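Source file: data-v5.tsv. Holds: TSV, C-alpha atoms.
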chain	number	residue	atom	x	y	z
A	1	MET	CA	-43.23	-2.79	50.56
A	2	LEU	CA	-42.07	-5.10	53.34
A	3	ASP	CA	-42.98	-4.41	56.97
A	4	ALA	CA	-42.02	-5.96	60.31
A	5	GLY	CA	-44.82	-8.52	59.96
A	6	PHE	CA	-43.28	-9.81	56.75
A	7	PHE	CA	-39.91	-10.41	58.41
A	8	ARG	CA	-41.56	-12.10	61.39
A	9	ARG	CA	-43.39	-14.41	58.95
A	10	TRP	CA	-40.08	-15.18	57.23
A	11	LEU	CA	-38.31	-16.16	60.43
A	12	THR	CA	-41.30	-18.16	61.68
A	13	ALA	CA	-41.37	-20.02	58.36
A	14	ALA	CA	-37.60	-20.55	58.63
A	15	ALA	CA	-38.00	-22.02	62.12
A	16	ALA	CA	-40.67	-24.43	60.85
A	17	THR	CA	-38.45	-25.46	57.93
A	18	VAL	CA	-35.43	-26.02	60.19
A	19	ASP	CA	-37.63	-28.10	62.52
A	20	ARG	CA	-38.69	-30.26	59.61
A	21	GLU	CA	-35.20	-30.59	58.11
A	22	ALA	CA	-33.08	-30.75	61.29
A	23	GLU	CA	-32.38	-34.45	60.98
A	24	ARG	CA	-31.27	-34.12	57.35
A	25	LEU	CA	-28.98	-31.19	58.24
A	26	THR	CA	-27.39	-33.23	61.01
A	27	ASP	CA	-26.99	-36.20	58.65
A	28	LEU	CA	-25.19	-33.93	56.17
A	29	ASP	CA	-22.99	-32.62	58.99
A	30	SER	CA	-22.04	-36.09	60.29
A	31	PRO	CA	-19.37	-37.04	57.72
A	32	ILE	CA	-17.73	-33.60	57.47
A	33	GLY	CA	-18.62	-31.73	60.67
A	34	ASP	CA	-19.64	-32.23	64.29
A	35	ALA	CA	-23.05	-33.81	63.57
A	36	ASP	CA	-24.90	-31.01	65.36
A	37	HIS	CA	-25.83	-28.50	62.66
A	38	GLY	CA	-29.50	-29.41	62.57
A	39	SER	CA	-30.01	-29.56	66.33
A	40	ASN	CA	-28.09	-26.31	66.87
A	41	LEU	CA	-30.14	-24.38	64.31
A	42	GLN	CA	-33.37	-25.94	65.57
A	43	ARG	CA	-32.65	-24.66	69.06
A	44	GLY	CA	-31.63	-21.25	67.72
A	45	PHE	CA	-34.64	-20.62	65.51
A	46	ARG	CA	-37.07	-21.81	68.17
A	47	ALA	CA	-35.49	-19.20	70.45
A	48	VAL	CA	-35.82	-16.58	67.69
A	49	VAL	CA	-39.56	-17.23	67.34
A	50	ALA	CA	-40.01	-17.00	71.13
A	51	THR	CA	-38.07	-13.73	71.21
A	52	LEU	CA	-40.07	-12.16	68.38
A	53	GLU	CA	-43.35	-13.15	70.04
A	54	LYS	CA	-42.21	-11.62	73.31
A	55	GLU	CA	-40.58	-8.45	72.00
A	56	ALA	CA	-42.63	-7.84	68.82
A	57	PRO	CA	-40.05	-5.48	67.19
A	58	ALA	CA	-41.80	-2.74	65.22
A	59	THR	CA	-39.51	-2.35	62.19
A	60	PRO	CA	-37.91	-4.76	59.70
A	61	GLY	CA	-34.42	-3.79	60.91
A	62	ALA	CA	-35.36	-4.38	64.53
A	63	VAL	CA	-36.84	-7.82	63.73
A	64	LEU	CA	-33.67	-8.98	62.01
A	65	THR	CA	-31.36	-7.45	64.62
A	66	ALA	CA	-33.24	-9.14	67.47
A	67	ALA	CA	-33.21	-12.47	65.63
A	68	GLY	CA	-29.49	-12.23	64.91
A	69	ARG	CA	-28.70	-11.38	68.50
A	70	GLN	CA	-30.71	-14.40	69.67
A	71	LEU	CA	-28.94	-16.77	67.28
A	72	ILE	CA	-25.53	-15.60	68.45
A	73	SER	CA	-26.45	-16.19	72.10
A	74	THR	CA	-28.26	-19.51	71.58
A	75	VAL	CA	-26.53	-21.48	68.82
A	76	GLY	CA	-23.28	-23.29	69.43
A	77	GLY	CA	-20.50	-23.89	66.94
A	78	ALA	CA	-19.77	-21.60	64.02
A	79	SER	CA	-23.31	-21.37	62.70
A	80	GLY	CA	-24.64	-19.14	65.50
A	81	PRO	CA	-22.17	-16.29	64.96
A	82	LEU	CA	-22.41	-16.63	61.17
A	83	TYR	CA	-26.19	-16.65	60.91
A	84	GLY	CA	-26.43	-14.09	63.69
A	85	THR	CA	-24.06	-11.79	61.82
A	86	LEU	CA	-26.04	-12.26	58.60
A	87	LEU	CA	-29.30	-11.16	60.21
A	88	ARG	CA	-27.87	-8.43	62.45
A	89	ARG	CA	-25.88	-6.79	59.66
A	90	THR	CA	-28.85	-6.98	57.28
A	91	GLY	CA	-31.07	-5.47	59.96
A	92	LYS	CA	-28.59	-2.70	60.68
A	93	ALA	CA	-28.40	-1.87	56.97
A	94	LEU	CA	-32.21	-1.52	56.84
A	95	GLY	CA	-32.07	1.13	59.54
A	96	GLU	CA	-35.21	2.27	61.36
A	97	ALA	CA	-37.63	2.46	58.44
A	98	GLU	CA	-41.08	1.01	59.17
A	99	GLU	CA	-41.29	-0.39	55.64
A	100	VAL	CA	-38.57	-1.27	53.13
A	101	SER	CA	-38.68	-2.03	49.43
A	102	GLU	CA	-37.54	-5.34	47.98
A	103	GLN	CA	-34.59	-3.47	46.46
A	104	ASP	CA	-33.66	-2.05	49.88
A	105	PHE	CA	-33.80	-5.54	51.34
A	106	ALA	CA	-31.69	-7.00	48.53
A	107	ALA	CA	-29.01	-4.37	49.12
A	108	ALA	CA	-29.11	-4.89	52.88
A	109	LEU	CA	-28.88	-8.66	52.50
A	110	ARG	CA	-25.78	-8.24	50.34
A	111	GLU	CA	-24.23	-6.27	53.20
A	112	GLY	CA	-25.14	-9.09	55.57
A	113	VAL	CA	-23.60	-11.70	53.28
A	114	GLU	CA	-20.42	-9.62	52.94
A	115	ALA	CA	-20.19	-9.46	56.74
A	116	VAL	CA	-20.44	-13.26	56.89
A	117	ALA	CA	-17.66	-13.55	54.31
A	118	ARG	CA	-15.43	-11.26	56.37
A	119	LEU	CA	-16.17	-13.09	59.62
A	120	GLY	CA	-15.52	-16.52	58.16
A	121	GLY	CA	-12.73	-15.47	55.79
A	122	ALA	CA	-14.47	-17.47	53.06
A	123	ALA	CA	-15.56	-16.97	49.46
A	124	VAL	CA	-17.76	-18.70	46.92
A	125	GLY	CA	-16.20	-22.07	46.05
A	126	ASP	CA	-14.87	-22.75	49.57
A	127	LYS	CA	-17.80	-25.13	50.28
A	128	THR	CA	-19.56	-22.98	52.87
A	129	MET	CA	-22.90	-21.23	53.35
A	130	LEU	CA	-21.64	-18.49	51.02
A	131	ASP	CA	-22.06	-20.85	48.06
A	132	ALA	CA	-25.82	-20.51	48.63
A	133	LEU	CA	-26.03	-17.01	50.10
A	134	VAL	CA	-24.05	-15.07	47.48
A	135	PRO	CA	-26.06	-16.24	44.45
A	136	ALA	CA	-29.29	-15.83	46.46
A	137	ALA	CA	-28.48	-12.23	47.36
A	138	ASP	CA	-27.59	-11.49	43.73
A	139	ALA	CA	-30.83	-13.06	42.46
A	140	LEU	CA	-33.00	-11.26	45.01
A	141	ASP	CA	-32.99	-8.20	42.75
A	142	GLU	CA	-35.03	-10.32	40.33
A	143	SER	CA	-37.48	-12.03	42.73
A	144	PHE	CA	-37.78	-14.04	45.93
A	145	GLU	CA	-38.38	-17.16	43.84
A	146	ALA	CA	-35.21	-16.56	41.84
A	147	ALA	CA	-33.26	-16.14	45.07
A	148	ALA	CA	-34.60	-19.44	46.44
A	149	GLU	CA	-33.71	-21.27	43.24
A	150	ALA	CA	-30.22	-19.74	43.16
A	151	ALA	CA	-29.61	-20.74	46.78
A	152	GLU	CA	-30.72	-24.31	46.14
A	153	GLU	CA	-28.47	-24.57	43.08
A	154	GLY	CA	-25.63	-23.10	45.13
A	155	ALA	CA	-26.09	-25.69	47.87
A	156	LEU	CA	-26.07	-28.52	45.35
A	157	SER	CA	-22.93	-27.08	43.75
A	158	THR	CA	-20.97	-27.78	46.96
A	159	VAL	CA	-21.10	-31.57	46.50
A	160	PRO	CA	-18.04	-31.87	44.20
A	161	LEU	CA	-16.06	-29.16	46.02
A	162	GLN	CA	-13.22	-29.68	48.48
A	163	ALA	CA	-13.80	-27.70	51.65
A	164	ARG	CA	-11.32	-24.89	52.22
A	165	LYS	CA	-12.86	-23.36	55.37
A	166	GLY	CA	-14.37	-24.58	58.60
A	167	ARG	CA	-14.40	-27.97	60.24
A	168	ALA	CA	-14.81	-29.80	56.92
A	169	SER	CA	-11.51	-28.37	55.60
A	170	TYR	CA	-9.60	-30.63	58.00
A	171	LEU	CA	-10.75	-33.61	55.92
A	172	GLY	CA	-9.07	-32.41	52.73
A	173	GLU	CA	-10.15	-34.48	49.73
A	174	ARG	CA	-12.45	-36.59	51.89
A	175	SER	CA	-14.81	-33.60	52.04
A	176	ILE	CA	-15.46	-34.03	48.30
A	177	GLY	CA	-18.79	-35.70	47.49
A	178	HIS	CA	-20.71	-34.31	50.45
A	179	GLN	CA	-23.22	-31.46	50.31
A	180	ASP	CA	-22.25	-28.68	52.67
A	181	PRO	CA	-24.70	-28.47	55.61
A	182	GLY	CA	-24.27	-24.70	55.99
A	183	ALA	CA	-25.06	-24.07	52.34
A	184	THR	CA	-28.04	-26.40	52.69
A	185	SER	CA	-29.45	-24.60	55.73
A	186	SER	CA	-28.85	-21.27	53.98
A	187	ALA	CA	-30.90	-22.51	51.02
A	188	LEU	CA	-33.67	-23.52	53.45
A	189	LEU	CA	-33.62	-20.01	54.93
A	190	VAL	CA	-34.02	-18.44	51.48
A	191	ALA	CA	-36.75	-20.94	50.56
A	192	ALA	CA	-38.62	-19.82	53.69
A	193	LEU	CA	-38.21	-16.23	52.50
A	194	ALA	CA	-39.87	-17.08	49.19
A	195	LYS	CA	-42.64	-18.86	51.08
A	196	ALA	CA	-43.22	-15.81	53.31
A	197	ALA	CA	-43.42	-13.68	50.17
A	198	GLY	CA	-46.15	-15.93	48.80
A	199	GLY	CA	-44.01	-18.03	46.49
A	200	SER	CA	-44.47	-21.75	46.03
A	201	HIS	CA	-40.84	-22.72	46.67
A	202	GLU	CA	-40.60	-25.49	49.26

For the file at hand, write its structure as structure tokens.
Amino acid sequence: MLDAGFFRRWLTAAAATVDREAERLTDLDSPIGDADHGSNLQRGFRAVVATLEKEAPATPGAVLTAAGRQLISTVGGASGPLYGTLLRRTGKALGEAEEVSEQDFAAALREGVEAVARLGGAAVGDKTMLDALVPAADALDESFEAAAEAAEEGALSTVPLQARKGRASYLGERSIGHQDPGATSSALLVAALAKAAGGSHE
């Protein structure tokens, strides 16, 4: 069973990963975006960690809801509302239970991913964060490690795609050949989840 401490560990691990990878995320964003994805997420996840230390939410749902709310208020661009929606909707789906099963979490995460798809009007194959999140949510029924691997494969799969949503879509065919920064940061988030669960995925 997964308690509030597990979800705090996940988001703390995610913040550390974003800190480490912020420059790479911004480099990925430079040719097809606004060159601020890494710095925006870095600021957002640092604020999430500070919020969780201050508030110490007592349930898994409350941890994710608080984190999502913080991301929406802190992160500029599209990534704040999208990641914030992912965490808030997942948290809401978990309800007020003090502990949740991995299956409960997998189902809740799918609801969060579906909310992101509705908000962004995107689908798998559009070269967005959904290319990593959808396969990760599907694989989470198997294991955290499987989810991390599916997310990483999904992020890599965006390289040959032409962007159909977001800032990158304005570039048309020039977006082909670049790995999507949102899918990449999503894969990092899922890798941090596997790490929090005791997996070896880096």

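From CA of Gly68 in chain A back to CA of Leu87 in chain A, the distance works out to 4.8 Å.
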
Write out as JSON lines the residues of range 23-118 of chain A that have any atom within 12 Å of an atom of range 153-168 of chain A, one row each with the nearest atom pair and its distance in Å to one decimal, counting only C-alpha atoms, sorted by chain and then rising number.
{"residue": "A:Leu28", "atom": "CA", "partner": "A:Val159", "partner_atom": "CA", "distance": 10.8}
{"residue": "A:Asp29", "atom": "CA", "partner": "A:Ala168", "partner_atom": "CA", "distance": 8.9}
{"residue": "A:Ser30", "atom": "CA", "partner": "A:Ala168", "partner_atom": "CA", "distance": 10.2}
{"residue": "A:Pro31", "atom": "CA", "partner": "A:Ala168", "partner_atom": "CA", "distance": 8.6}
{"residue": "A:Ile32", "atom": "CA", "partner": "A:Ala168", "partner_atom": "CA", "distance": 4.8}
{"residue": "A:Gly33", "atom": "CA", "partner": "A:Arg167", "partner_atom": "CA", "distance": 5.7}
{"residue": "A:Asp34", "atom": "CA", "partner": "A:Arg167", "partner_atom": "CA", "distance": 7.9}
{"residue": "A:Ala35", "atom": "CA", "partner": "A:Arg167", "partner_atom": "CA", "distance": 11.0}
{"residue": "A:His37", "atom": "CA", "partner": "A:Arg167", "partner_atom": "CA", "distance": 11.7}
{"residue": "A:Gly77", "atom": "CA", "partner": "A:Arg167", "partner_atom": "CA", "distance": 9.9}
{"residue": "A:Ala78", "atom": "CA", "partner": "A:Gly166", "partner_atom": "CA", "distance": 8.2}
{"residue": "A:Ser79", "atom": "CA", "partner": "A:Gly166", "partner_atom": "CA", "distance": 10.3}
{"residue": "A:Leu82", "atom": "CA", "partner": "A:Gly166", "partner_atom": "CA", "distance": 11.6}
{"residue": "A:Ala117", "atom": "CA", "partner": "A:Lys165", "partner_atom": "CA", "distance": 11.0}

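CA of Leu2 in chain A sits 5.3 Å away from CA of Glu99 in chain A.
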
Quiz item: Do you know which residues are at most 8 Å from Ala183 in chain A counting only C-alpha atoms, after dropping those on the same chain fewer than 6 positions away, and could you put them as a list in words?
Solution: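 Near Ala183 in chain A, the qualifying residues are Lys127, Thr128, Met129, Leu130, Asp131, Ala132, Leu133, Ala151, Gly154, Ala155 and Thr158 of chain A.
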
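We find CA of Gly125 in chain A and CA of Ala14 in chain A to be spaced 24.9 Å apart.
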
Exercise. Quick one: everything within 12 Å of range 102-105 of chain A, counting only C-alpha atoms, minus sequence neighbours fewer than 6 positions away in the same chain. Send it as a PyMOL selection string.
Key: chain A and resi 1-3+6-7+60-61+64+87+89-95+111-112+137-144+147+193+197

Can you sort out the box for range 148-152 of chain A, edges along x, y and z, all listed atoms in, 6 Å on every side, with centre and edge lengths in Å to one decimal, as lines of an AutoDock Vina configuration file?
center_x = -32.1
center_y = -21.9
center_z = 45.0
size_x = 17.0
size_y = 16.9
size_z = 15.6

Quiz prompt | Pick from A:Ser169, A:Thr17, A:Ser101, A:Ser185 nearest to Tyr83 in chain A, counting all atoms listed in the file | solution =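 Of all the options, A:Ser185 lies closest to Tyr83 in chain A.
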
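Distances here use only C-alpha atoms; by that measure, the residue among A:Ala108, A:Ala67, A:Val75, A:Ala148 closest to Ser186 in chain A is A:Ala148.
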
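Nearest-residue note for Val63 in chain A: choosing from A:His178, A:Arg8, A:Lys195, A:Arg24, the minimum distance belongs to A:Arg8, counting all atoms listed in the file.
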
Quiz prompt | Minimum-distance residue to Glu96 in chain A, chosen among A:Ala56, A:Ala4, A:Leu71, A:Ala146 (using only C-alpha atoms) | solution =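 For Glu96 in chain A, the nearest of the candidates is A:Ala4.
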
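In terms of minimum interatomic distance to Arg69 in chain A, A:Thr51 ranks closest within A:Gln42, A:Thr26, A:Gln179, A:Thr51, counting only C-alpha atoms.
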